[in-house]
Amino acid sequence: MWRADALALASLAGIPALLLTVAALAGHPLLTGDAVIQNFPLRVIAGQALVHGQLPLVNPYDFSGEPLLGGLNAGAAFPDIVLFGILPPLAAWIVAEALAYAAAACGLYLFLRANRLRPLASWLGAATYGLGGFVSSQAVHLDVVETAACLAWALLAVERVAHDGTARRPAWAAMLAVAAGCAALAASPEAAFDAAAATFVYALHLLWRERRPWRLAGWLTTSTVAGTLLGGVQISTGADFVAASQRSHVSYGFATSGTIDRGLVLLLAPHLLGGGPIGLTSYVGSYNLAEI
């Protein structure tokens, strides 16, 4: 670690903390959309349950009661839920957001440095990933941001398991297990699936270049199983809840209505069909532009 690394990490962690705190103090916290109607209130309920010595399993305020842990949107088993038990609700939310963005950016910075990029190049890549792009656009879904942070640390752990010395390999394998477990506990199944796919592809790349791939495969498999067990309480309860919801009975047409093949051109020119700022015409596409 050089002095440049310390400055880079401090800035990547400080930027989201500063911006989110200043905005909140000015009366404009980053709290919109689904975060207002789902993630924030449900996390407050989960935190209050912990304060009263209860497991955050049930939300008694919806209908005649509804699963809180299994309902996924609360992220009731994610480690930062303790913030909602010890801090005022809005302060807990801002701290959780700042930690998630900082973890995403700092994790990717260390991953890029582990791949021998220079500090400036690593900083630019980490800022692009952790403070911009899809991670910044998903502020409305804190669980997605948290999963993105887990992905960055999972990639770092896979890299170090493959290339670090034998003495340090168990520690990196443990980090991979924790990152995988937290990705499940963040309670964003679609984002967790994407993170798992990205980590798997990168692991295959390393295995292809490894002289003894079976040893590395053994470490990675063990870590993956351990991570799945760590996140099992969220995986099992969430699967049960989804199986009883309308999402388990959607048609094929509904499930594929927002897929890439229909919106691929909008990834290249997002406002081709209208929408967006600076006086553009109204969006005329067939699917929600923000979701694409």
# chains A, B, ... in the order shown; residues from 1 in each chain; ligands from 1
$ residues_around --residues "range 114-129 of chain A" --least-positions-apart "2" --cutoff "12 Å" --atoms "only C-alpha atoms" --output "ChimeraX atom specification"
/A:1-16,101-112,131-137,145,148-149,151-153,155-164,206
$ closest_atom_pairs --of "range 85-202 of chain A" --to "range 213-224 of chain A" --cutoff "10 Å" --atoms "only C-alpha atoms" --output "tab-separated table"
residue	atom	partner	partner_atom	distance
A:Ala157	CA	A:Leu220	CA	9.5
A:Val158	CA	A:Leu220	CA	7.3
A:Val161	CA	A:Leu216	CA	7.4
A:Ala162	CA	A:Leu216	CA	6.3
A:His163	CA	A:Leu216	CA	9.7
A:Arg169	CA	A:Trp219	CA	8.5
A:Pro170	CA	A:Trp219	CA	8.3
A:Trp172	CA	A:Ser223	CA	9.3
A:Ala173	CA	A:Ser223	CA	5.7
A:Ala174	CA	A:Ser223	CA	6.6
A:Met175	CA	A:Ser223	CA	8.4
A:Leu176	CA	A:Ser223	CA	6.0
A:Ala177	CA	A:Ser223	CA	4.6
A:Val178	CA	A:Ser223	CA	8.4
A:Ala179	CA	A:Thr224	CA	9.5
A:Ala180	CA	A:Thr224	CA	6.8
A:Gly181	CA	A:Thr224	CA	8.5
A:Ala196	CA	A:Thr224	CA	9.6
A:Phe200	CA	A:Leu220	CA	9.6
$ atom_distance --atom1 "CA of Ile81 in chain A" --atom2 "CA of Ala46 in chain A"
7.2 Å
$ residues_around --residues "Leu72 in chain A" --least-positions-apart "4" --cutoff "8 Å" --atoms "only C-alpha atoms" --output "PyMOL selection string"
chain A and resi 68+76+187-188+234+238
$ select_by_dssp --residues "range 53-268 of chain A" --states "strand (DSSP E or B)" --output "NGL selection string"
:A and (58-59 or 66-67)
$ write_last_selection --atoms "C-alpha atoms" --output "PDB file, in the first residue's frame"
ATOM      1  CA  VAL A  58     -42.822 -10.935  10.709  1.00  0.00           C
ATOM      2  CA  ASN A  59     -44.207  -7.532   9.767  1.00  0.00           C
ATOM      3  CA  GLU A  66     -46.641 -10.675   6.426  1.00  0.00           C
ATOM      4  CA  PRO A  67     -43.175 -12.256   6.337  1.00  0.00           C
TER       5      PRO A  67
END
$ atom_distance --atom1 "CA of Leu69 in chain A" --atom2 "CA of Leu83 in chain A"
16.5 Å
$ atom_distance --atom1 "CA of Tyr252 in chain A" --atom2 "CA of Val140 in chain A"
26.7 Å
$ closest_residue --among "A:Gly70, A:Gly47, A:Gly75, A:Pro270" --to "Ala35 in chain A" --atoms "only C-alpha atoms"
A:Gly75
$ closest_residue --among "A:Cys182, A:Ala92, A:Ala154, A:Leu264" --to "Ala77 in chain A" --atoms "only C-alpha atoms"
A:Cys182
